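Structure data (compact mmCIF, C-alpha atoms) from structure_11.txt:
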```txt
# COMPACT_ATOMS: atom_id res chain seq x y z
CA MET I 196 15.69 6.86 -35.12
CA ALA I 197 11.94 6.22 -35.27
CA SER I 198 10.34 9.54 -36.10
CA GLU I 199 7.12 10.83 -34.58
CA GLU I 200 5.16 9.74 -37.61
CA GLY I 201 6.19 6.09 -37.27
CA GLN I 202 8.65 4.30 -39.52
CA GLN I 203 9.65 6.49 -42.45
CA HIS I 204 12.68 5.47 -44.41
CA PRO I 205 13.90 6.21 -47.93
CA LEU I 206 12.42 3.93 -50.57
CA SER I 207 15.88 2.97 -51.83
CA ILE I 208 16.59 0.78 -48.78
CA TYR I 209 13.46 -1.29 -49.51
CA PHE I 210 14.44 -1.77 -53.14
CA TRP I 211 17.92 -2.85 -52.08
CA ILE I 212 16.61 -5.42 -49.62
CA TRP I 213 13.97 -6.57 -52.08
CA GLY I 214 16.64 -7.25 -54.69
CA LEU I 215 18.86 -8.93 -52.13
CA LEU I 216 16.03 -11.28 -51.09
CA PHE I 217 15.54 -12.25 -54.73
CA VAL I 218 19.24 -13.00 -55.14
CA LEU I 219 19.39 -14.99 -51.89
CA SER I 220 16.28 -16.99 -52.85
CA PHE I 221 17.84 -17.71 -56.22
CA PHE I 222 20.99 -18.94 -54.47
CA SER I 223 19.03 -21.21 -52.13
CA TYR I 224 17.17 -22.66 -55.12
CA MET I 225 20.53 -23.23 -56.82
CA VAL I 226 21.64 -25.29 -53.79
CA ASP I 227 19.00 -27.81 -54.84
CA TYR I 228 19.30 -27.34 -58.59
CA LEU I 229 23.07 -27.85 -58.61
CA ASN I 230 22.56 -30.82 -56.29
CA PHE I 231 24.94 -29.97 -53.44
CA GLN I 232 24.95 -32.78 -50.87
CA GLY I 233 25.94 -33.41 -47.26
CA GLY I 234 27.50 -30.78 -45.02
CA VAL I 235 27.96 -28.19 -47.78
CA ARG I 236 24.26 -28.39 -48.64
CA TRP I 237 23.11 -27.96 -45.05
CA ALA I 238 25.53 -25.11 -44.40
CA LEU I 239 24.47 -23.24 -47.55
CA ILE I 240 20.75 -23.76 -46.79
CA LEU I 241 21.18 -22.38 -43.27
CA VAL I 242 23.32 -19.40 -44.33
CA PHE I 243 20.85 -18.26 -47.00
CA MET I 244 17.90 -18.92 -44.68
CA PHE I 245 19.29 -16.84 -41.82
CA LEU I 246 20.35 -14.02 -44.14
CA LYS I 247 16.86 -13.85 -45.66
CA ALA I 248 15.14 -14.07 -42.28
CA GLY I 249 17.46 -11.41 -40.87
CA PHE I 250 16.81 -8.92 -43.66
CA ILE I 251 13.04 -9.45 -43.51
CA ILE I 252 12.93 -8.89 -39.74
CA ALA I 253 15.46 -6.05 -39.61
CA ILE I 254 14.39 -3.97 -42.60
CA PHE I 255 10.90 -4.99 -43.80
CA MET I 256 9.57 -5.42 -40.26
CA HIS I 257 11.56 -2.37 -39.09
CA MET I 258 13.08 -4.19 -36.12
CA LYS I 259 16.40 -2.43 -36.79
CA TRP I 260 14.84 0.89 -35.83
CA GLU I 261 12.83 -0.25 -32.80
CA ARG I 262 13.84 0.26 -29.19
CA LEU I 263 16.04 -2.32 -27.51
CA ALA I 264 13.25 -3.26 -25.07
CA LEU I 265 11.07 -4.45 -27.98
CA LYS I 266 13.95 -6.23 -29.69
CA ILE I 267 14.74 -8.20 -26.54
CA ALA I 268 11.08 -8.95 -25.74
CA ILE I 269 10.39 -10.33 -29.23
CA LEU I 270 13.69 -11.81 -30.39
CA GLY I 271 14.78 -13.20 -27.01
CA PRO I 272 12.14 -15.89 -26.29
CA PRO I 273 12.62 -17.81 -29.60
CA VAL I 274 16.13 -18.69 -28.39
CA ALA I 275 14.39 -21.22 -26.10
CA ILE I 276 13.41 -23.11 -29.27
CA LEU I 277 17.07 -24.09 -29.70
CA VAL I 278 16.79 -26.12 -26.49
CA LEU I 279 13.68 -27.86 -27.86
CA ILE I 280 15.49 -28.63 -31.11
CA TRP I 281 18.43 -30.10 -29.20
CA LEU I 282 16.23 -32.22 -26.92
CA MET I 283 14.04 -33.53 -29.73
CA SER I 284 16.98 -34.42 -31.96
CA VAL I 285 18.60 -36.42 -29.14
CA GLU I 286 15.25 -38.13 -28.58
CA GLY I 287 14.78 -38.73 -32.32
CA PHE I 288 18.13 -40.45 -32.75
CA TYR I 289 17.45 -42.56 -29.67
CA ILE I 290 14.08 -43.70 -31.07
CA GLU I 291 15.65 -44.50 -34.42
CA ASP I 292 18.33 -46.65 -32.73
CA THR I 293 15.70 -48.44 -30.67
CA ARG I 294 13.65 -49.18 -33.79
CA VAL I 295 16.64 -50.60 -35.62
CA ASP I 296 17.55 -52.69 -32.56
CA TYR I 297 14.08 -54.16 -32.06
CA TYR I 298 12.53 -54.17 -35.55
CA GLY I 299 15.66 -54.30 -37.71
CA GLU I 300 16.54 -52.13 -40.69
CA SER I 301 13.76 -50.79 -42.91
CA THR I 302 12.48 -53.10 -45.63
CA PHE I 303 10.56 -50.30 -47.35
CA GLU I 304 10.74 -50.43 -51.14
CA PRO I 305 9.79 -47.11 -52.73
CA GLU I 306 7.64 -47.31 -55.84
CA PRO I 307 8.74 -45.17 -58.77
CA VAL I 308 7.15 -41.71 -58.72
CA HIS I 309 4.75 -41.08 -61.59
CA HIS I 310 4.56 -37.54 -62.93
CA MET Q 347 7.13 13.92 -7.64
CA SER Q 348 9.93 13.44 -5.18
CA GLU Q 349 7.97 11.79 -2.38
CA ALA Q 350 8.16 8.00 -2.12
CA VAL Q 351 5.13 6.21 -3.58
CA ILE Q 352 3.85 3.16 -1.67
CA GLU Q 353 3.23 0.44 -4.23
CA PRO Q 354 0.48 -2.09 -3.57
CA GLY Q 355 1.54 -5.72 -3.32
CA GLY Q 356 -0.10 -9.07 -4.15
CA GLY Q 357 -2.92 -9.26 -6.67
CA ARG Q 358 -3.56 -5.53 -6.50
CA GLY Q 359 0.09 -5.00 -7.25
CA VAL Q 360 -0.13 -7.05 -10.44
CA VAL Q 361 -3.11 -5.03 -11.64
CA HIS Q 362 -1.32 -1.84 -10.67
CA ASP Q 363 1.83 -2.77 -12.57
CA PHE Q 364 0.04 -3.75 -15.75
CA SER Q 365 -2.23 -0.70 -15.73
CA ARG Q 366 0.21 2.00 -14.78
CA ASP Q 367 0.10 3.54 -18.21
CA LYS Q 368 3.79 3.35 -18.90
CA GLN Q 369 4.97 2.79 -22.44
CA ALA Q 370 7.63 0.12 -22.44
CA PHE Q 371 8.40 -0.25 -26.13
CA GLY Q 372 7.77 3.21 -27.54
CA VAL Q 373 5.36 1.88 -30.17
CA PRO Q 374 1.57 2.14 -30.49
CA TRP Q 375 -0.23 -0.62 -28.58
CA GLY Q 376 -1.57 -2.22 -31.77
CA LYS Q 377 1.93 -2.75 -33.05
CA ALA Q 378 3.16 -4.18 -29.74
CA MET Q 379 0.21 -6.59 -29.70
CA MET Q 380 0.85 -7.69 -33.27
CA TRP Q 381 4.47 -8.41 -32.36
CA ILE Q 382 3.41 -10.44 -29.34
CA PHE Q 383 0.91 -12.38 -31.47
CA LEU Q 384 3.64 -13.07 -34.02
CA LEU Q 385 5.91 -14.27 -31.22
CA SER Q 386 3.27 -16.80 -30.16
CA ASP Q 387 2.82 -17.83 -33.79
CA THR Q 388 6.58 -18.32 -34.02
CA PHE Q 389 6.30 -20.91 -31.28
CA ILE Q 390 3.45 -22.73 -33.02
CA PHE Q 391 5.33 -22.98 -36.31
CA SER Q 392 8.49 -23.96 -34.43
CA CYS Q 393 6.63 -26.80 -32.73
CA PHE Q 394 5.44 -28.06 -36.12
CA LEU Q 395 8.91 -27.86 -37.62
CA VAL Q 396 10.53 -29.50 -34.59
CA GLY Q 397 7.87 -32.25 -34.73
CA TYR Q 398 8.73 -32.76 -38.39
CA MET Q 399 12.42 -32.93 -37.48
CA SER Q 400 11.67 -35.56 -34.82
CA VAL Q 401 9.72 -37.88 -37.10
CA ARG Q 402 12.20 -37.45 -39.93
CA ILE Q 403 15.11 -38.36 -37.65
CA SER Q 404 13.37 -41.25 -35.94
CA THR Q 405 11.90 -43.05 -38.95
CA THR Q 406 13.90 -45.93 -40.34
CA ASP Q 407 12.21 -45.76 -43.75
CA PRO Q 408 13.83 -43.62 -46.45
CA TRP Q 409 12.54 -40.01 -46.53
CA PRO Q 410 11.05 -39.09 -49.94
CA VAL Q 411 13.38 -36.73 -51.84
CA PRO Q 412 11.53 -33.37 -52.00
CA SER Q 413 13.57 -32.32 -55.01
CA GLU Q 414 12.00 -35.20 -56.99
CA VAL Q 415 8.57 -35.23 -55.35
CA PHE Q 416 8.02 -31.55 -56.11
CA ALA Q 417 9.54 -31.59 -59.58
CA LEU Q 418 7.34 -30.33 -62.38
CA SER Q 419 7.65 -30.88 -66.08
CA PHE Q 420 6.59 -28.37 -68.70
CA GLY Q 421 6.60 -30.79 -71.61
CA GLY Q 422 10.29 -31.67 -71.23
CA ASP Q 423 12.37 -33.10 -68.41
CA PRO Q 424 11.02 -32.46 -64.91
CA ILE Q 425 12.58 -29.38 -63.31
CA PRO Q 426 13.28 -29.92 -59.59
CA LEU Q 427 11.26 -27.83 -57.11
CA ILE Q 428 10.29 -25.34 -59.81
CA LEU Q 429 6.78 -24.61 -58.53
CA ILE Q 430 8.10 -24.10 -55.00
CA ALA Q 431 10.73 -21.71 -56.35
CA ILE Q 432 8.05 -19.71 -58.21
CA MET Q 433 5.92 -19.61 -55.04
CA THR Q 434 8.93 -18.34 -53.08
CA PHE Q 435 9.53 -15.54 -55.57
CA ILE Q 436 5.85 -14.59 -55.54
CA LEU Q 437 5.85 -14.32 -51.76
CA ILE Q 438 9.00 -12.18 -51.77
CA THR Q 439 7.51 -9.94 -54.43
CA SER Q 440 4.41 -9.52 -52.28
CA SER Q 441 6.59 -8.66 -49.28
CA GLY Q 442 8.21 -5.94 -51.39
CA THR Q 443 4.88 -4.43 -52.46
CA MET Q 444 3.75 -4.56 -48.82
CA ALA Q 445 6.86 -2.68 -47.66
CA MET Q 446 6.10 -0.03 -50.32
CA ALA Q 447 2.48 0.16 -49.12
CA VAL Q 448 3.63 0.84 -45.55
CA ASN Q 449 5.93 3.56 -46.79
CA MET Q 450 3.20 5.17 -48.91
CA GLY Q 451 0.83 4.95 -45.95
CA TYR Q 452 3.14 7.07 -43.82
CA ARG Q 453 3.38 9.54 -46.71
CA LYS Q 454 -0.43 9.67 -46.56
CA ASP Q 455 -0.66 8.68 -50.21
CA ARG Q 456 -3.98 6.84 -49.98
CA LYS Q 457 -4.23 5.86 -53.61
CA LYS Q 458 -0.80 4.26 -53.86
CA THR Q 459 -1.21 2.56 -50.47
CA PHE Q 460 -4.48 1.02 -51.63
CA TRP Q 461 -3.15 -0.25 -54.94
CA LEU Q 462 0.03 -1.65 -53.39
CA MET Q 463 -1.98 -3.45 -50.71
CA LEU Q 464 -4.31 -4.83 -53.37
CA ALA Q 465 -1.31 -6.05 -55.38
CA THR Q 466 0.02 -7.73 -52.23
CA ALA Q 467 -3.31 -9.45 -51.64
CA LEU Q 468 -3.49 -10.66 -55.25
CA LEU Q 469 0.03 -12.07 -55.10
CA GLY Q 470 -0.91 -13.80 -51.85
CA ALA Q 471 -4.03 -15.25 -53.46
CA SER Q 472 -1.99 -16.56 -56.39
CA PHE Q 473 0.36 -18.19 -53.89
CA VAL Q 474 -2.58 -20.01 -52.30
CA GLY Q 475 -3.79 -20.99 -55.77
CA MET Q 476 -0.45 -22.60 -56.56
CA GLN Q 477 -0.54 -24.38 -53.23
CA VAL Q 478 -3.94 -25.84 -54.11
CA PHE Q 479 -2.44 -27.05 -57.39
CA GLU Q 480 0.53 -28.56 -55.53
CA TRP Q 481 -1.70 -30.36 -53.00
CA THR Q 482 -3.96 -31.70 -55.77
CA LYS Q 483 -1.00 -33.04 -57.72
CA LEU Q 484 0.43 -34.69 -54.61
CA ILE Q 485 -2.84 -36.24 -53.47
CA VAL Q 486 -4.34 -37.26 -56.83
CA ASP Q 487 -1.31 -38.03 -59.01
CA GLU Q 488 1.21 -39.26 -56.49
CA GLY Q 489 -0.96 -40.86 -53.85
CA VAL Q 490 0.46 -38.98 -50.86
CA ARG Q 491 -1.73 -39.34 -47.77
CA PRO Q 492 -1.21 -38.22 -44.17
CA TRP Q 493 -0.76 -41.87 -43.24
CA GLY Q 494 1.47 -43.02 -46.07
CA ASN Q 495 2.83 -42.58 -49.58
CA PRO Q 496 4.48 -44.75 -52.26
CA MET Q 497 7.87 -42.98 -52.03
CA GLY Q 498 9.01 -43.57 -48.47
CA ALA Q 499 8.44 -42.73 -44.82
CA ALA Q 500 4.74 -42.45 -43.94
CA GLN Q 501 5.43 -39.33 -41.83
CA PHE Q 502 6.22 -37.34 -44.97
CA GLY Q 503 2.55 -36.75 -45.77
CA SER Q 504 1.43 -35.77 -42.30
CA SER Q 505 4.34 -33.34 -41.87
CA PHE Q 506 3.75 -31.84 -45.29
CA PHE Q 507 0.00 -31.32 -44.99
CA MET Q 508 0.27 -30.02 -41.44
CA ILE Q 509 3.06 -27.50 -42.05
CA THR Q 510 2.12 -26.18 -45.48
CA GLY Q 511 -1.58 -26.34 -44.61
CA PHE Q 512 -1.12 -24.17 -41.54
CA HIS Q 513 1.04 -21.77 -43.50
CA GLY Q 514 -1.47 -21.64 -46.35
CA MET Q 515 -4.18 -20.86 -43.82
CA HIS Q 516 -2.07 -17.93 -42.61
CA VAL Q 517 -1.65 -16.65 -46.17
CA SER Q 518 -5.40 -16.94 -46.80
CA ALA Q 519 -6.20 -15.09 -43.58
CA GLY Q 520 -3.60 -12.48 -44.54
CA VAL Q 521 -5.25 -11.94 -47.94
CA ILE Q 522 -8.61 -11.28 -46.23
CA TYR Q 523 -6.95 -9.01 -43.65
CA LEU Q 524 -5.18 -7.07 -46.41
CA LEU Q 525 -8.36 -6.65 -48.44
CA VAL Q 526 -10.29 -5.34 -45.42
CA ILE Q 527 -7.62 -2.81 -44.49
CA ALA Q 528 -6.98 -1.82 -48.13
CA ASN Q 529 -10.68 -1.11 -48.58
CA ARG Q 530 -10.68 1.07 -45.47
CA VAL Q 531 -7.67 2.98 -46.75
CA ARG Q 532 -9.52 3.53 -50.03
CA ASN Q 533 -12.82 4.69 -48.57
CA GLY Q 534 -11.18 7.18 -46.22
CA PHE Q 535 -11.90 5.37 -42.95
CA TYR Q 536 -8.48 6.31 -41.53
CA GLU Q 537 -8.61 9.77 -43.08
CA ARG Q 538 -11.68 10.53 -40.95
CA ARG Q 539 -9.80 9.32 -37.86
CA GLY Q 540 -6.97 11.82 -38.06
CA GLY Q 541 -5.10 10.26 -40.96
CA ASN Q 542 -3.19 7.70 -38.91
CA TYR Q 543 -1.89 4.91 -41.13
CA GLU Q 544 -0.11 2.92 -38.41
CA ILE Q 545 -2.52 0.07 -39.22
CA VAL Q 546 -0.86 -0.40 -42.61
CA GLU Q 547 2.42 -1.11 -40.88
CA ILE Q 548 0.73 -3.53 -38.46
CA THR Q 549 -0.87 -5.39 -41.37
CA GLY Q 550 2.55 -5.37 -43.00
CA LEU Q 551 4.12 -7.00 -39.95
CA TYR Q 552 1.69 -9.90 -40.26
CA TRP Q 553 2.35 -10.23 -43.99
CA HIS Q 554 6.14 -10.15 -43.64
CA PHE Q 555 5.85 -12.77 -40.92
CA VAL Q 556 4.02 -15.10 -43.33
CA ASP Q 557 6.91 -14.62 -45.76
CA LEU Q 558 9.37 -15.21 -42.92
CA VAL Q 559 7.77 -18.52 -41.99
CA TRP Q 560 7.95 -19.58 -45.65
CA VAL Q 561 11.72 -18.94 -45.62
CA PHE Q 562 12.04 -21.54 -42.86
CA ILE Q 563 9.62 -24.03 -44.44
CA PHE Q 564 11.42 -23.70 -47.78
CA ALA Q 565 14.78 -24.36 -46.13
CA PHE Q 566 13.80 -27.17 -43.80
CA PHE Q 567 11.06 -29.01 -45.65
CA TYR Q 568 11.81 -28.52 -49.34
CA LEU Q 569 15.58 -28.10 -49.46
CA TRP Q 570 16.90 -30.17 -46.55
```

Structure re-expressed in structure tokens:
Amino acid sequence: MASEEGQQHPLSIYFWIWGLLFVLSFFSYMVDYLNFQGGVRWALILVFMFLKAGFIIAIFMHMKWERLALKIAILGPPVAILVLIWLMSVEGFYIEDTRVDYYGESTFEPEPVHH
Amino acid sequence: MSEAVIEPGGGRGVVHDFSRDKQAFGVPWGKAMMWIFLLSDTFIFSCFLVGYMSVRISTTDPWPVPSEVFALSFGGDPIPLILIAIMTFILITSSGTMAMAVNMGYRKDRKKTFWLMLATALLGASFVGMQVFEWTKLIVDEGVRPWGNPMGAAQFGSSFFMITGFHGMHVSAGVIYLLVIANRVRNGFYERRGGNYEIVEITGLYWHFVDLVWVFIFAFFYLW
């Protein structure tokens, strides 16, 4: 769909996505403001994050209209990061367990925050 | 060309393959290079965020609650994360003006492209300004240091300064980049070179990427 003169699309699609990003950002702020906790909080954060990231890449960065070769070359490699995340979280939990085993539970006492 | 071509092998083959003048992606080379740069930048930011994840998981001390640490009071009760929310909206607004600038560039509307790019740069600069305010408040008022803080795990400070500092550096560089290109749009630099405004889209890619990274920082550092 990319025309000879580069990426030309009707302005309306940008306004739509712009508005949508505002709404999604508002929702993700509300996740904190309304104090959701635990699994619901994490799920909501991730959903809004991926929706926002997806719209920015697809529409604002025009990835939707690029050739498949470019999509694969750019969006494919970051998948490897998932492996890094998995490895480092396994490692992180192991280190935490080792610390608790050898040094005991934390004795840290937070001071009140002054504003 | 129906006859079989003998392709060179070894080192000559590598040079041959990379210089054979074939377009793989169907985009101008500048745009392909910007995408590849952004891909490498994705890995850098990912490493920072994964490092932050590691230290946050492995520490046994309580992690400071970002919602409280970054609360701001305007005379009354502190509102959680309010400055961060404002910064998020500013960055999204600037992404919108940038998208408009790219569109106006392809319509060869120099004046509108220039003003929209300038607006984007100013919004970016105000974002950096708010970040300076946020850092000052954290360092001076709340005693957060890269090696410790009064609220909890010592790793909080180092993760925070590293991740937001690197992002802020990207925004600052983006503001300079935008101003340079906007000025060239204004003074007719691209007009004299055949009126090709592809560069506006390439600049836009960088700017949207900065916004994209903020989406992830906002989710993982401030909200999680």

**OP:** Might you pull out every residue within 8 Å of Ile548 in chain Q, with only C-alpha atoms counted and same-chain residues fewer than 4 positions away left off, and present them as a list in words?
**Re:** Gly376, Lys377, Met380, Glu544 and Tyr552 of chain Q

Taking a cut-off of 6 Å and counting all atoms listed in the file, can you build a table that, for each residue of chain I near chain Q, reports the nearest atom pair and how far apart they are in Å (one decimal), sorted by chain then residue number, as JSON lines?
```
{"residue": "I:Trp213", "atom": "CA", "partner": "Q:Gly442", "partner_atom": "CA", "distance": 5.8}
{"residue": "I:Ala248", "atom": "CA", "partner": "Q:Leu558", "partner_atom": "CA", "distance": 5.9}
{"residue": "I:Met256", "atom": "CA", "partner": "Q:Leu551", "partner_atom": "CA", "distance": 5.7}
{"residue": "I:Ala264", "atom": "CA", "partner": "Q:Phe371", "partner_atom": "CA", "distance": 5.8}
{"residue": "I:Leu265", "atom": "CA", "partner": "Q:Phe371", "partner_atom": "CA", "distance": 5.3}
{"residue": "I:Met283", "atom": "CA", "partner": "Q:Ser400", "partner_atom": "CA", "distance": 6.0}
{"residue": "I:Gly287", "atom": "CA", "partner": "Q:Ser404", "partner_atom": "CA", "distance": 4.6}
{"residue": "I:Phe288", "atom": "CA", "partner": "Q:Ser404", "partner_atom": "CA", "distance": 5.8}
{"residue": "I:Ile290", "atom": "CA", "partner": "Q:Ser404", "partner_atom": "CA", "distance": 5.5}
{"residue": "I:Glu291", "atom": "CA", "partner": "Q:Ser404", "partner_atom": "CA", "distance": 4.3}
{"residue": "I:Ser301", "atom": "CA", "partner": "Q:Asp407", "partner_atom": "CA", "distance": 5.3}
{"residue": "I:Pro305", "atom": "CA", "partner": "Q:Met497", "partner_atom": "CA", "distance": 4.6}
{"residue": "I:Glu306", "atom": "CA", "partner": "Q:Pro496", "partner_atom": "CA", "distance": 5.4}
```

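Distances here use all atoms listed in the file; by that measure, the residue among Q:Ile545, Q:Ile390, Q:Ala528, Q:Ile352 closest to Ala465 in chain Q is Q:Ala528.
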
Original post:
What separation in Å, quoted to one decimal, exists between CA of Phe535 in chain Q and CA of Arg456 in chain Q?
Top reply: 10.7 Å

Original post:
Which is closest to Glu480 in chain Q among Q:Trp375, Q:Phe507, Q:Tyr398, Q:Asn533, if we use only C-alpha atoms?
Top reply: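 Once distances to Glu480 in chain Q are computed over only C-alpha atoms, the minimum belongs to Q:Phe507.
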
Adding 3 Å on each side of the box along x, y and z that holds all listed atoms of range 222-235 of chain I, could you give its centre and edge lengths in Å to one decimal, as lines of an AutoDock Vina configuration file?
```
center_x = 22.6
center_y = -26.2
center_z = -51.8
size_x = 16.8
size_y = 20.5
size_z = 19.6
```

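Of the residues listed (Q:Phe364, Q:Arg532, Q:Arg358, Q:Gly541), Q:Arg532 shows the shortest atom-to-atom separation from Lys458 in chain Q; distances use only C-alpha atoms.
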
Subject >> Separation of CA of Leu263 in chain I from CA of Gln202 in chain I in Å >> reply: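 Value for the CA of Gln202 in chain I-CA of Leu263 in chain I distance: 15.6 Å.
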
Original post:
Rounded to one decimal in Å, what is the spacing between CA of His513 in chain Q and CA of Glu261 in chain I?
Top reply: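 For CA of His513 in chain Q relative to CA of Glu261 in chain I, the distance reads 26.8 Å.
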
Original post:
Which polymer residues have any atom within 9 Å of an atom of Val556 in chain Q, counting all atoms listed in the file, with same-chain residues fewer than 6 positions away left out, as a PyMOL selection string?
Top reply: chain Q and resi 437+513+516-517+520

**OP:** Quick one: everything within 8 Å of Thr549 in chain Q, counting all atoms listed in the file, minus sequence neighbours fewer than 6 positions away in the same chain. Send it as a ChimeraX atom specification.
**Re:** /Q:523-524,527
